[in-house]
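K.L.:
Below is my_file.pdb; it holds PDB, C-alpha atoms.
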```pdb
ATOM      1  CA  MET A   1       0.000   0.000   0.000
ATOM      2  CA  LEU A   2       1.317   3.464  -0.865
ATOM      3  CA  ASN A   3       0.997   5.842   2.094
ATOM      4  CA  GLN A   4       0.241   9.353   0.872
ATOM      5  CA  THR A   5      -0.303  10.740   4.368
ATOM      6  CA  SER A   6       1.866  12.892   6.647
ATOM      7  CA  VAL A   7       0.517  11.024   9.677
ATOM      8  CA  SER A   8       2.778   8.158  10.826
ATOM      9  CA  GLU A   9       0.678   7.076  13.805
ATOM     10  CA  PHE A  10      -2.774   7.533  15.292
ATOM     11  CA  LEU A  11      -3.962   8.132  18.822
ATOM     12  CA  LEU A  12      -6.786   5.841  19.971
ATOM     13  CA  LEU A  13      -8.788   7.845  22.508
ATOM     14  CA  GLY A  14     -10.574   4.696  23.700
ATOM     15  CA  VAL A  15     -13.825   4.366  25.613
ATOM     16  CA  THR A  16     -13.103   6.855  28.393
ATOM     17  CA  ASP A  17     -10.549   9.449  29.468
ATOM     18  CA  ILE A  18     -11.271   9.004  33.196
ATOM     19  CA  GLN A  19      -8.026   7.555  34.549
ATOM     20  CA  GLU A  20      -9.614   6.096  37.705
ATOM     21  CA  LEU A  21     -11.929   3.884  35.631
ATOM     22  CA  GLN A  22      -9.266   2.399  33.390
ATOM     23  CA  PRO A  23      -7.844  -0.268  35.786
ATOM     24  CA  PHE A  24     -11.391  -1.462  36.516
ATOM     25  CA  LEU A  25     -12.265  -1.582  32.802
ATOM     26  CA  PHE A  26      -9.009  -3.443  32.127
ATOM     27  CA  VAL A  27     -10.020  -6.207  34.560
ATOM     28  CA  VAL A  28     -13.575  -6.393  33.159
ATOM     29  CA  PHE A  29     -12.541  -6.612  29.499
ATOM     30  CA  LEU A  30      -9.676  -8.985  30.277
ATOM     31  CA  ALA A  31     -12.153 -11.347  31.985
ATOM     32  CA  ILE A  32     -14.506 -11.076  28.992
ATOM     33  CA  TYR A  33     -11.662 -11.825  26.578
ATOM     34  CA  PHE A  34     -10.577 -14.896  28.560
ATOM     35  CA  ALA A  35     -14.200 -16.085  28.692
ATOM     36  CA  ASN A  36     -14.469 -15.631  24.919
ATOM     37  CA  VAL A  37     -11.279 -17.581  24.176
ATOM     38  CA  ALA A  38     -12.139 -20.323  26.692
ATOM     39  CA  GLY A  39     -15.777 -20.720  25.586
ATOM     40  CA  ASN A  40     -15.205 -20.626  21.850
ATOM     41  CA  GLY A  41     -12.005 -22.631  22.218
ATOM     42  CA  ALA A  42     -13.918 -25.364  24.067
ATOM     43  CA  ILE A  43     -16.563 -25.534  21.324
ATOM     44  CA  LEU A  44     -13.920 -25.589  18.594
ATOM     45  CA  THR A  45     -12.040 -28.375  20.410
ATOM     46  CA  VAL A  46     -15.055 -30.666  20.873
ATOM     47  CA  VAL A  47     -16.261 -30.066  17.303
ATOM     48  CA  ILE A  48     -12.873 -31.197  15.992
ATOM     49  CA  SER A  49     -12.272 -34.051  18.443
ATOM     50  CA  ASP A  50     -15.755 -35.573  18.878
ATOM     51  CA  PRO A  51     -16.772 -37.801  15.911
ATOM     52  CA  ARG A  52     -20.461 -37.337  16.833
ATOM     53  CA  LEU A  53     -20.142 -33.660  15.885
ATOM     54  CA  HIS A  54     -18.591 -34.253  12.468
ATOM     55  CA  SER A  55     -21.623 -32.944  10.574
ATOM     56  CA  PRO A  56     -22.207 -29.805   8.457
ATOM     57  CA  MET A  57     -24.013 -27.963  11.267
ATOM     58  CA  TYR A  58     -21.108 -28.351  13.690
ATOM     59  CA  PHE A  59     -18.515 -27.802  10.984
ATOM     60  CA  PHE A  60     -19.938 -24.310  10.499
ATOM     61  CA  LEU A  61     -20.280 -23.851  14.264
ATOM     62  CA  GLY A  62     -16.553 -24.566  14.548
ATOM     63  CA  ASN A  63     -15.901 -21.903  11.913
ATOM     64  CA  LEU A  64     -18.041 -19.460  13.902
ATOM     65  CA  SER A  65     -16.108 -20.153  17.115
ATOM     66  CA  CYS A  66     -12.804 -19.651  15.293
ATOM     67  CA  LEU A  67     -14.076 -16.355  13.856
ATOM     68  CA  ASP A  68     -15.258 -15.125  17.260
ATOM     69  CA  ILE A  69     -11.868 -15.773  18.865
ATOM     70  CA  CYS A  70     -10.037 -13.980  16.048
ATOM     71  CA  TYR A  71     -12.614 -11.176  15.862
ATOM     72  CA  SER A  72     -12.115 -10.150  19.496
ATOM     73  CA  THR A  73      -8.343 -10.636  19.238
ATOM     74  CA  VAL A  74      -8.201  -7.948  16.536
ATOM     75  CA  THR A  75      -9.454  -5.220  18.900
ATOM     76  CA  LEU A  76      -9.361  -6.318  22.552
ATOM     77  CA  PRO A  77      -5.599  -6.815  23.167
ATOM     78  CA  LYS A  78      -4.863  -3.294  21.885
ATOM     79  CA  MET A  79      -7.725  -1.914  23.951
ATOM     80  CA  LEU A  80      -6.361  -3.661  27.067
ATOM     81  CA  GLU A  81      -2.876  -2.315  26.357
ATOM     82  CA  ASN A  82      -4.234   1.233  26.088
ATOM     83  CA  PHE A  83      -6.002   0.949  29.449
ATOM     84  CA  LEU A  84      -2.551   0.608  31.069
ATOM     85  CA  SER A  85      -0.642   2.921  28.729
ATOM     86  CA  THR A  86      -0.402   6.695  28.691
ATOM     87  CA  GLN A  87       0.513   6.983  24.999
ATOM     88  CA  LYS A  88      -2.367   4.975  23.406
ATOM     89  CA  THR A  89      -0.783   5.196  19.957
ATOM     90  CA  ILE A  90      -0.997   2.809  17.025
ATOM     91  CA  SER A  91       1.211   2.969  13.944
ATOM     92  CA  PHE A  92      -0.240   3.731  10.542
ATOM     93  CA  LEU A  93       0.489   0.185   9.344
ATOM     94  CA  GLY A  94      -0.923  -1.257  12.554
ATOM     95  CA  CYS A  95      -4.084   0.810  12.125
ATOM     96  CA  MET A  96      -4.602  -0.333   8.538
ATOM     97  CA  SER A  97      -3.946  -3.952   9.546
ATOM     98  CA  GLN A  98      -6.486  -3.710  12.358
ATOM     99  CA  LEU A  99      -9.042  -2.203   9.976
ATOM    100  CA  HIS A 100      -8.394  -4.986   7.448
ATOM    101  CA  PHE A 101      -8.758  -7.915   9.832
ATOM    102  CA  PHE A 102     -11.752  -6.361  11.577
ATOM    103  CA  HIS A 103     -13.718  -6.120   8.316
ATOM    104  CA  PHE A 104     -12.309  -9.414   7.020
ATOM    105  CA  LEU A 105     -13.561 -11.391  10.029
ATOM    106  CA  GLY A 106     -16.773  -9.379  10.445
ATOM    107  CA  SER A 107     -17.918  -9.800   6.841
ATOM    108  CA  THR A 108     -16.934 -13.487   6.886
ATOM    109  CA  GLU A 109     -19.059 -14.046   9.998
ATOM    110  CA  ALA A 110     -22.053 -12.312   8.388
ATOM    111  CA  MET A 111     -21.834 -14.615   5.367
ATOM    112  CA  LEU A 112     -21.238 -17.657   7.582
ATOM    113  CA  LEU A 113     -24.510 -17.029   9.430
ATOM    114  CA  ALA A 114     -26.340 -17.087   6.083
ATOM    115  CA  VAL A 115     -24.662 -20.404   5.214
ATOM    116  CA  MET A 116     -25.716 -21.795   8.608
ATOM    117  CA  ALA A 117     -29.296 -20.690   7.902
ATOM    118  CA  PHE A 118     -29.145 -22.487   4.536
ATOM    119  CA  ASP A 119     -27.930 -25.619   6.342
ATOM    120  CA  ARG A 120     -30.964 -25.468   8.670
ATOM    121  CA  PHE A 121     -33.259 -24.916   5.676
ATOM    122  CA  VAL A 122     -31.956 -28.045   3.912
ATOM    123  CA  ALA A 123     -32.068 -30.107   7.136
ATOM    124  CA  ILE A 124     -35.707 -29.200   7.877
ATOM    125  CA  CYS A 125     -37.255 -28.807   4.424
ATOM    126  CA  LYS A 126     -35.288 -31.472   2.517
ATOM    127  CA  PRO A 127     -34.275 -34.031   5.166
ATOM    128  CA  LEU A 128     -34.111 -36.986   2.764
ATOM    129  CA  HIS A 129     -31.608 -35.165   0.541
ATOM    130  CA  TYR A 130     -29.662 -33.489   3.357
ATOM    131  CA  THR A 131     -26.556 -35.692   3.259
ATOM    132  CA  LEU A 132     -26.476 -35.512  -0.539
ATOM    133  CA  ILE A 133     -26.836 -31.716  -0.723
ATOM    134  CA  MET A 134     -24.691 -30.810   2.295
ATOM    135  CA  SER A 135     -21.761 -32.998   1.356
ATOM    136  CA  ARG A 136     -18.352 -32.506   2.913
ATOM    137  CA  GLN A 137     -17.063 -31.139  -0.389
ATOM    138  CA  LEU A 138     -19.816 -28.523  -0.649
ATOM    139  CA  CYS A 139     -19.405 -27.458   2.992
ATOM    140  CA  THR A 140     -15.658 -27.034   2.509
ATOM    141  CA  GLN A 141     -16.174 -25.072  -0.707
ATOM    142  CA  MET A 142     -18.719 -22.750   0.940
ATOM    143  CA  ALA A 143     -16.399 -22.144   3.898
ATOM    144  CA  ILE A 144     -13.420 -21.366   1.623
ATOM    145  CA  THR A 145     -15.582 -19.082  -0.530
ATOM    146  CA  ILE A 146     -16.905 -16.929   2.304
ATOM    147  CA  TRP A 147     -13.468 -16.614   3.921
ATOM    148  CA  THR A 148     -12.003 -15.568   0.537
ATOM    149  CA  ILE A 149     -14.751 -13.025  -0.195
ATOM    150  CA  GLY A 150     -14.351 -11.586   3.298
ATOM    151  CA  PHE A 151     -10.592 -11.223   2.821
ATOM    152  CA  PHE A 152     -10.807  -9.376  -0.508
ATOM    153  CA  HIS A 153     -13.694  -7.207   0.698
ATOM    154  CA  ALA A 154     -11.537  -6.063   3.631
ATOM    155  CA  LEU A 155      -8.485  -5.665   1.391
ATOM    156  CA  LEU A 156     -10.455  -3.230  -0.789
ATOM    157  CA  HIS A 157     -11.234  -1.046   2.226
ATOM    158  CA  SER A 158      -7.743  -1.191   3.709
ATOM    159  CA  ILE A 159      -6.111  -0.198   0.399
ATOM    160  CA  MET A 160      -8.554   2.639  -0.296
ATOM    161  CA  THR A 161      -8.304   3.968   3.269
ATOM    162  CA  SER A 162      -4.483   3.811   3.281
ATOM    163  CA  ARG A 163      -4.403   6.038   0.178
ATOM    164  CA  LEU A 164      -6.233   8.873   1.942
ATOM    165  CA  ASP A 165      -4.371  11.974   3.091
ATOM    166  CA  PHE A 166      -4.536  12.405   6.865
ATOM    167  CA  CYS A 167      -3.112  15.883   7.215
ATOM    168  CA  ALA A 168      -5.117  17.177  10.162
ATOM    169  CA  SER A 169      -5.689  15.489  13.519
ATOM    170  CA  ASN A 170      -4.456  11.975  14.251
ATOM    171  CA  GLN A 171      -6.857  11.411  17.170
ATOM    172  CA  ILE A 172      -9.332   8.572  16.565
ATOM    173  CA  HIS A 173     -12.420   8.825  18.766
ATOM    174  CA  HIS A 174     -12.694   5.061  19.065
ATOM    175  CA  PHE A 175     -10.961   2.103  20.730
ATOM    176  CA  PHE A 176      -9.866   0.593  17.388
ATOM    177  CA  CYS A 177      -9.255   1.668  13.789
ATOM    178  CA  ASP A 178     -12.479   1.583  11.792
ATOM    179  CA  ILE A 179     -13.415   3.199   8.509
ATOM    180  CA  LYS A 180     -15.958   5.758   9.721
ATOM    181  CA  PRO A 181     -13.708   7.388  12.382
ATOM    182  CA  LEU A 182     -10.804   7.461   9.912
ATOM    183  CA  LEU A 183     -12.908   9.110   7.201
ATOM    184  CA  LYS A 184     -13.620  11.944   9.635
ATOM    185  CA  LEU A 185      -9.868  12.600   9.928
ATOM    186  CA  ALA A 186      -9.124  12.472   6.191
ATOM    187  CA  CYS A 187      -8.464  15.556   4.110
ATOM    188  CA  GLY A 188      -9.822  15.849   0.600
ATOM    189  CA  ASN A 189     -12.577  13.926  -1.109
ATOM    190  CA  THR A 190     -13.772  10.740   0.635
ATOM    191  CA  GLU A 191     -16.909  10.204  -1.463
ATOM    192  CA  LEU A 192     -15.507   7.042  -3.103
ATOM    193  CA  ASN A 193     -14.619   5.554   0.287
ATOM    194  CA  GLN A 194     -18.050   6.393   1.633
ATOM    195  CA  TRP A 195     -19.690   4.874  -1.450
ATOM    196  CA  LEU A 196     -17.669   1.676  -1.032
ATOM    197  CA  LEU A 197     -18.678   1.516   2.631
ATOM    198  CA  ASN A 198     -22.350   2.014   1.857
ATOM    199  CA  THR A 199     -22.538  -0.123  -1.281
ATOM    200  CA  VAL A 200     -20.007  -2.947  -0.972
ATOM    201  CA  THR A 201     -20.116  -3.380   2.793
ATOM    202  CA  GLY A 202     -23.847  -2.786   2.799
ATOM    203  CA  THR A 203     -24.335  -5.528   0.210
ATOM    204  CA  ILE A 204     -22.113  -8.005   2.056
ATOM    205  CA  ALA A 205     -23.934  -7.267   5.320
ATOM    206  CA  MET A 206     -27.521  -6.979   4.085
ATOM    207  CA  GLY A 207     -27.321  -9.740   1.459
ATOM    208  CA  PRO A 208     -26.646 -12.539   3.980
ATOM    209  CA  PHE A 209     -29.120 -10.975   6.400
ATOM    210  CA  PHE A 210     -31.980 -11.127   3.891
ATOM    211  CA  LEU A 211     -30.953 -14.644   2.819
ATOM    212  CA  THR A 212     -31.097 -15.690   6.468
ATOM    213  CA  LEU A 213     -34.554 -14.173   6.900
ATOM    214  CA  LEU A 214     -35.682 -15.787   3.641
ATOM    215  CA  SER A 215     -34.488 -19.199   4.861
ATOM    216  CA  TYR A 216     -36.432 -18.872   8.093
ATOM    217  CA  CYS A 217     -39.556 -17.587   6.342
ATOM    218  CA  TYR A 218     -39.454 -20.563   3.981
ATOM    219  CA  ILE A 219     -38.935 -22.944   6.927
ATOM    220  CA  ILE A 220     -41.934 -21.482   8.791
ATOM    221  CA  ILE A 221     -44.208 -21.608   5.722
ATOM    222  CA  TYR A 222     -43.074 -25.145   4.854
ATOM    223  CA  LEU A 223     -43.646 -26.461   8.370
ATOM    224  CA  PHE A 224     -46.977 -24.688   8.791
ATOM    225  CA  PHE A 225     -48.465 -26.119   5.598
ATOM    226  CA  LYS A 226     -46.894 -29.541   6.065
ATOM    227  CA  THR A 227     -47.724 -30.155   9.724
ATOM    228  CA  GLY A 228     -50.546 -27.695  10.356
ATOM    229  CA  SER A 229     -49.571 -27.885  14.016
ATOM    230  CA  CYS A 230     -48.292 -24.880  15.913
ATOM    231  CA  ARG A 231     -46.825 -27.209  18.527
ATOM    232  CA  MET A 232     -44.772 -29.091  15.937
ATOM    233  CA  LEU A 233     -43.765 -25.777  14.345
ATOM    234  CA  HIS A 234     -42.575 -24.465  17.710
ATOM    235  CA  LYS A 235     -40.674 -27.668  18.477
ATOM    236  CA  THR A 236     -38.845 -27.653  15.143
ATOM    237  CA  LEU A 237     -38.027 -23.948  15.213
ATOM    238  CA  SER A 238     -36.604 -24.307  18.716
ATOM    239  CA  THR A 239     -33.685 -26.146  17.101
ATOM    240  CA  CYS A 240     -32.947 -22.979  15.095
ATOM    241  CA  ALA A 241     -33.368 -20.597  18.036
ATOM    242  CA  SER A 242     -29.646 -20.501  18.928
ATOM    243  CA  HIS A 243     -28.646 -19.524  15.406
ATOM    244  CA  PHE A 244     -31.385 -16.893  15.142
ATOM    245  CA  MET A 245     -30.314 -15.322  18.470
ATOM    246  CA  VAL A 246     -26.730 -15.063  17.184
ATOM    247  CA  VAL A 247     -27.985 -13.399  13.980
ATOM    248  CA  ILE A 248     -29.916 -10.782  15.959
ATOM    249  CA  LEU A 249     -26.988 -10.116  18.322
ATOM    250  CA  LEU A 250     -24.638  -9.511  15.391
ATOM    251  CA  TYR A 251     -26.872  -7.619  12.980
ATOM    252  CA  ALA A 252     -28.765  -5.289  15.335
ATOM    253  CA  PRO A 253     -25.717  -3.202  16.385
ATOM    254  CA  VAL A 254     -23.943  -3.534  13.018
ATOM    255  CA  LEU A 255     -26.928  -2.251  11.035
ATOM    256  CA  PHE A 256     -27.400   0.606  13.493
ATOM    257  CA  THR A 257     -23.751   1.640  13.105
ATOM    258  CA  TYR A 258     -23.199   1.343   9.351
ATOM    259  CA  THR A 259     -26.589   2.461   8.018
ATOM    260  CA  ARG A 260     -26.325   5.886   9.631
ATOM    261  CA  PRO A 261     -24.499   8.676   7.788
ATOM    262  CA  ALA A 262     -21.047   9.417   9.170
ATOM    263  CA  SER A 263     -21.911  13.074   9.720
ATOM    264  CA  GLY A 264     -24.892  12.260  11.902
ATOM    265  CA  SER A 265     -23.345   9.634  14.162
ATOM    266  CA  SER A 266     -22.381  10.145  17.786
ATOM    267  CA  MET A 267     -18.897   9.158  18.953
ATOM    268  CA  ASP A 268     -20.222   7.740  22.229
ATOM    269  CA  GLN A 269     -22.929   5.761  20.443
ATOM    270  CA  ASP A 270     -20.394   4.346  17.980
ATOM    271  CA  TRP A 271     -18.033   2.868  20.566
ATOM    272  CA  ILE A 272     -20.829   1.613  22.826
ATOM    273  CA  ILE A 273     -22.430  -0.225  19.892
ATOM    274  CA  ALA A 274     -19.010  -1.429  18.703
ATOM    275  CA  ILE A 275     -18.414  -3.032  22.110
ATOM    276  CA  MET A 276     -21.645  -4.974  21.607
ATOM    277  CA  TYR A 277     -20.569  -6.695  18.378
ATOM    278  CA  THR A 278     -16.803  -6.902  18.989
ATOM    279  CA  VAL A 279     -16.757  -7.854  22.680
ATOM    280  CA  VAL A 280     -20.162  -8.943  23.987
ATOM    281  CA  THR A 281     -21.539 -10.949  21.045
ATOM    282  CA  PRO A 282     -18.473 -13.216  20.591
ATOM    283  CA  VAL A 283     -18.532 -14.170  24.286
ATOM    284  CA  LEU A 284     -22.289 -14.816  24.237
ATOM    285  CA  ASN A 285     -22.199 -17.120  21.201
ATOM    286  CA  PRO A 286     -20.689 -20.152  23.011
ATOM    287  CA  ILE A 287     -23.091 -19.626  25.921
ATOM    288  CA  ILE A 288     -26.089 -19.559  23.578
ATOM    289  CA  TYR A 289     -25.016 -22.683  21.706
ATOM    290  CA  THR A 290     -24.070 -24.703  24.784
ATOM    291  CA  LEU A 291     -27.205 -23.809  26.740
ATOM    292  CA  ARG A 292     -29.593 -24.624  23.901
ATOM    293  CA  ASN A 293     -27.763 -27.443  22.150
ATOM    294  CA  LYS A 294     -27.822 -30.888  23.762
ATOM    295  CA  ASP A 295     -25.215 -32.335  21.392
ATOM    296  CA  VAL A 296     -22.661 -29.657  22.291
ATOM    297  CA  LYS A 297     -23.411 -29.975  26.022
ATOM    298  CA  ASN A 298     -23.051 -33.746  25.870
ATOM    299  CA  ALA A 299     -19.802 -33.458  23.910
ATOM    300  CA  LEU A 300     -18.396 -31.012  26.458
ATOM    301  CA  SER A 301     -19.451 -33.327  29.314
ATOM    302  CA  ARG A 302     -17.765 -36.288  27.639
ATOM    303  CA  ALA A 303     -14.585 -34.272  27.095
ATOM    304  CA  ILE A 304     -14.522 -33.139  30.748
ATOM    305  CA  ARG A 305     -15.141 -36.685  32.054
ATOM    306  CA  LYS A 306     -12.406 -38.044  29.773
ATOM    307  CA  ARG A 307     -10.011 -35.389  31.025
ATOM    308  CA  LEU A 308     -10.843 -36.161  34.661
ATOM    309  CA  ARG A 309     -10.353 -39.897  34.070
ATOM    310  CA  LEU A 310      -6.955 -39.262  32.499
ATOM    311  CA  GLU A 311      -5.931 -37.081  35.421
ATOM    312  CA  GLY A 312      -7.116 -39.794  37.830
ATOM    313  CA  ILE A 313      -5.062 -42.425  36.009
ATOM    314  CA  GLU A 314      -1.984 -40.205  36.037
ATOM    315  CA  LYS A 315      -2.291 -39.725  39.807
ATOM    316  CA  THR A 316      -2.453 -43.493  40.408
ATOM    317  CA  LEU A 317       0.624 -44.236  38.289
ATOM    318  CA  PRO A 318       3.848 -44.734  40.281
ATOM    319  CA  ARG A 319       6.331 -41.922  40.035
ATOM    320  CA  HIS A 320       9.832 -42.936  38.930
ATOM    321  CA  LYS A 321      12.702 -41.065  40.404
TER
END
```
Could I get this structure in the form of structure tokens?
P.N.:
Amino acid sequence: MLNQTSVSEFLLLGVTDIQELQPFLFVVFLAIYFANVAGNGAILTVVISDPRLHSPMYFFLGNLSCLDICYSTVTLPKMLENFLSTQKTISFLGCMSQLHFFHFLGSTEAMLLAVMAFDRFVAICKPLHYTLIMSRQLCTQMAITIWTIGFFHALLHSIMTSRLDFCASNQIHHFFCDIKPLLKLACGNTELNQWLLNTVTGTIAMGPFFLTLLSYCYIIIYLFFKTGSCRMLHKTLSTCASHFMVVILLYAPVLFTYTRPASGSSMDQDWIIAIMYTVVTPVLNPIIYTLRNKDVKNALSRAIRKRLRLEGIEKTLPRHK
């Protein structure tokens, strides 16, 4: 990337400038980050290690857990560092890298949720053809495709943003480098960048969202006309409840942030909403899936019991000097 700017580093102002609050916030967000890594790491481990979970649904759930760990890792470690630092700076290259991986992982997760909705649609509406349609080859191809699209979508933004001229302030009113706060600091014409944000990012965000809603609408209509029983409809849809809750948790704050014009957005609102989808949502996802999914709970229980048995065996073995 060719850097046309006179700014070599940015200052991340973070979530608050009250010094007394920062040690407390450091402890809170550090605990949340550990909970995110532990929860999603546990799901990812059992999905890989337990043969009973080697199905398309849990293959995509493993992808989601991997994304959630990486997604928080893009922003939270730097945020935690700034809570304890007085400088709170990030290099130009570091800022562009953070912007790239944030949009890479975020857009990939949005598309992954649509793929997971399609998986539920095939499982419920075409159960006899499920294994044929959702083959291992197709699942792998869909996963590779959405990760690739997410990468190049983010690369477009990082290249176009790096070419802007930041000749005024270098203070970013946010806790990480995102496009909207950076556009406010840029000199010159940013209409192309704003158009890319509204059009390309809007399409990648809204396209999967509408496909997800379409999948669920089709599932509801199919079940209603096939069974004619509200009880059966409720029972079947309860299996999709975890996924739908994750969709709402991700899309509600994202749509609120990126559908508003940059000139009319509030700095405080932006970082509060950003905390929802970068910090809170990733740590809630494993809780939602483990509390509402018997297969995942059983797999976790089996893994814990196996670990305890191994530890018990190790304690009974004689120690050789």
K.L.:
Just the residues within 10 Å of region 63-71 of chain A, please, counting only C-alpha atoms, with nothing from its chain fewer than 4 positions along; format it as a PyMOL selection string.
P.N.:
chain A and resi 33-34+36-45+47+58-59+75-76+101-106+108-110+112-113+116+143+147+277-279+281-286
K.L.:
Write out as a VMD selection string which residues come within 10 Å of Met276 (chain A) when counting all atoms listed in the file, dropping same-chain ones fewer than 6 positions away.
P.N.:
chain A and resid 249 to 250 252 to 254 282
K.L.:
Which polymer residues have any atom within 10 Å of an atom of Thr140 (chain A), counting all atoms listed in the file, with same-chain residues fewer than 6 positions away left out, as a VMD selection string?
P.N.:
chain A and resid 56 59 to 60 134
K.L.:
Write a file of the selected residues as a PDB file, in the frame of the given file, keeping C-alpha atoms.
P.N.:
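Result file is selection-v5.pdb:
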```
ATOM      1  CA  PRO A  56     -22.207 -29.805   8.457  1.00  0.00           C
ATOM      2  CA  PHE A  59     -18.515 -27.802  10.984  1.00  0.00           C
ATOM      3  CA  PHE A  60     -19.938 -24.310  10.499  1.00  0.00           C
ATOM      4  CA  MET A 134     -24.691 -30.810   2.295  1.00  0.00           C
TER       5      MET A 134
END
```
K.L.:
Nearest to Ile272 (chain A): which of A:Leu132, A:Glu81, A:Phe175, A:Ala241 is it, counting only C-alpha atoms?
P.N.:
A:Phe175
K.L.:
Skip Ser158 (chain A) itself and residues of its chain fewer than 5 positions away, then list as a list in words all residues within 8 Å of it, counting only C-alpha atoms.
P.N.:
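What passes the distance filter is Met96, Ser97, Leu99 and His100 of chain A.
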K.L.:
Just the number, please: distance in Å from CA of Val115 (chain A) to CA of Met142 (chain A), one decimal.
P.N.:
7.7 Å
K.L.:
List as number ranges by chain the protein and nucleic acid residues near Leu211 (chain A), meaning an atom at most 9 Å away when only C-alpha atoms are counted, but skip any in the same chain fewer than 2 places from it.
P.N.:
A: 114-115, 117-118, 206-209, 213-216
K.L.:
Show me a table, sorted first by chain and then by increasing residue number, of the residues of region 85-195 of chain A having an atom at most 10 Å from region 14-31 of chain A, each with its shortest atom pair and the distance in Å to one decimal, counting all atoms listed in the file and written as JSON lines.
P.N.:
```
{"residue": "A:Ser85", "atom": "CA", "partner": "A:Gln22", "partner_atom": "CA", "distance": 9.8}
{"residue": "A:Thr86", "atom": "CA", "partner": "A:Gln19", "partner_atom": "CA", "distance": 9.7}
{"residue": "A:Lys88", "atom": "CA", "partner": "A:Gly14", "partner_atom": "CA", "distance": 8.2}
{"residue": "A:Ile172", "atom": "CA", "partner": "A:Gly14", "partner_atom": "CA", "distance": 8.2}
{"residue": "A:His173", "atom": "CA", "partner": "A:Gly14", "partner_atom": "CA", "distance": 6.7}
{"residue": "A:His174", "atom": "CA", "partner": "A:Gly14", "partner_atom": "CA", "distance": 5.1}
{"residue": "A:Phe175", "atom": "CA", "partner": "A:Gly14", "partner_atom": "CA", "distance": 4.0}
{"residue": "A:Phe176", "atom": "CA", "partner": "A:Gly14", "partner_atom": "CA", "distance": 7.6}
```
K.L.:
Quick check, in Å to one decimal: how far apart do CA of Val280 (chain A) and CA of Phe244 (chain A) lie?
P.N.:
16.4 Å
K.L.:
Between A:Asn82, A:Ile32, A:Val74, A:Ala303, which has the minimum distance to Pro51 (chain A) (counting all atoms listed in the file)?
P.N.:
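Result for the nearest residue to Pro51 (chain A): A:Ala303.
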K.L.:
Using the chain letters and numbering of this document, enumerate as a PyMOL selection string the residues selected by the PyMOL selection byres ((chain A and resi 299) around 9).
P.N.:
chain A and resi 43+46-47+50+52-53+294-298+300-304
K.L.:
Could you dump the residues just selected with C-alpha atoms as a short mmCIF file (atom, residue, chain, number, x, y, z; two decimals), in the frame of the given file?
P.N.:
```cif
data_model
loop_
_atom_site.label_atom_id
_atom_site.label_comp_id
_atom_site.auth_asym_id
_atom_site.auth_seq_id
_atom_site.Cartn_x
_atom_site.Cartn_y
_atom_site.Cartn_z
CA ILE A 43 -16.56 -25.53 21.32
CA VAL A 46 -15.06 -30.67 20.87
CA VAL A 47 -16.26 -30.07 17.30
CA ASP A 50 -15.76 -35.57 18.88
CA ARG A 52 -20.46 -37.34 16.83
CA LEU A 53 -20.14 -33.66 15.88
CA LYS A 294 -27.82 -30.89 23.76
CA ASP A 295 -25.22 -32.34 21.39
CA VAL A 296 -22.66 -29.66 22.29
CA LYS A 297 -23.41 -29.98 26.02
CA ASN A 298 -23.05 -33.75 25.87
CA LEU A 300 -18.40 -31.01 26.46
CA SER A 301 -19.45 -33.33 29.31
CA ARG A 302 -17.76 -36.29 27.64
CA ALA A 303 -14.58 -34.27 27.10
CA ILE A 304 -14.52 -33.14 30.75
#
```
K.L.:
For each of A:Asn170, A:Leu197, A:Ile146, A:Arg307, take the minimum atom-to-atom distance to Leu185 (chain A), counting all atoms listed in the file, then give the residue where this is smallest.
P.N.:
A:Asn170
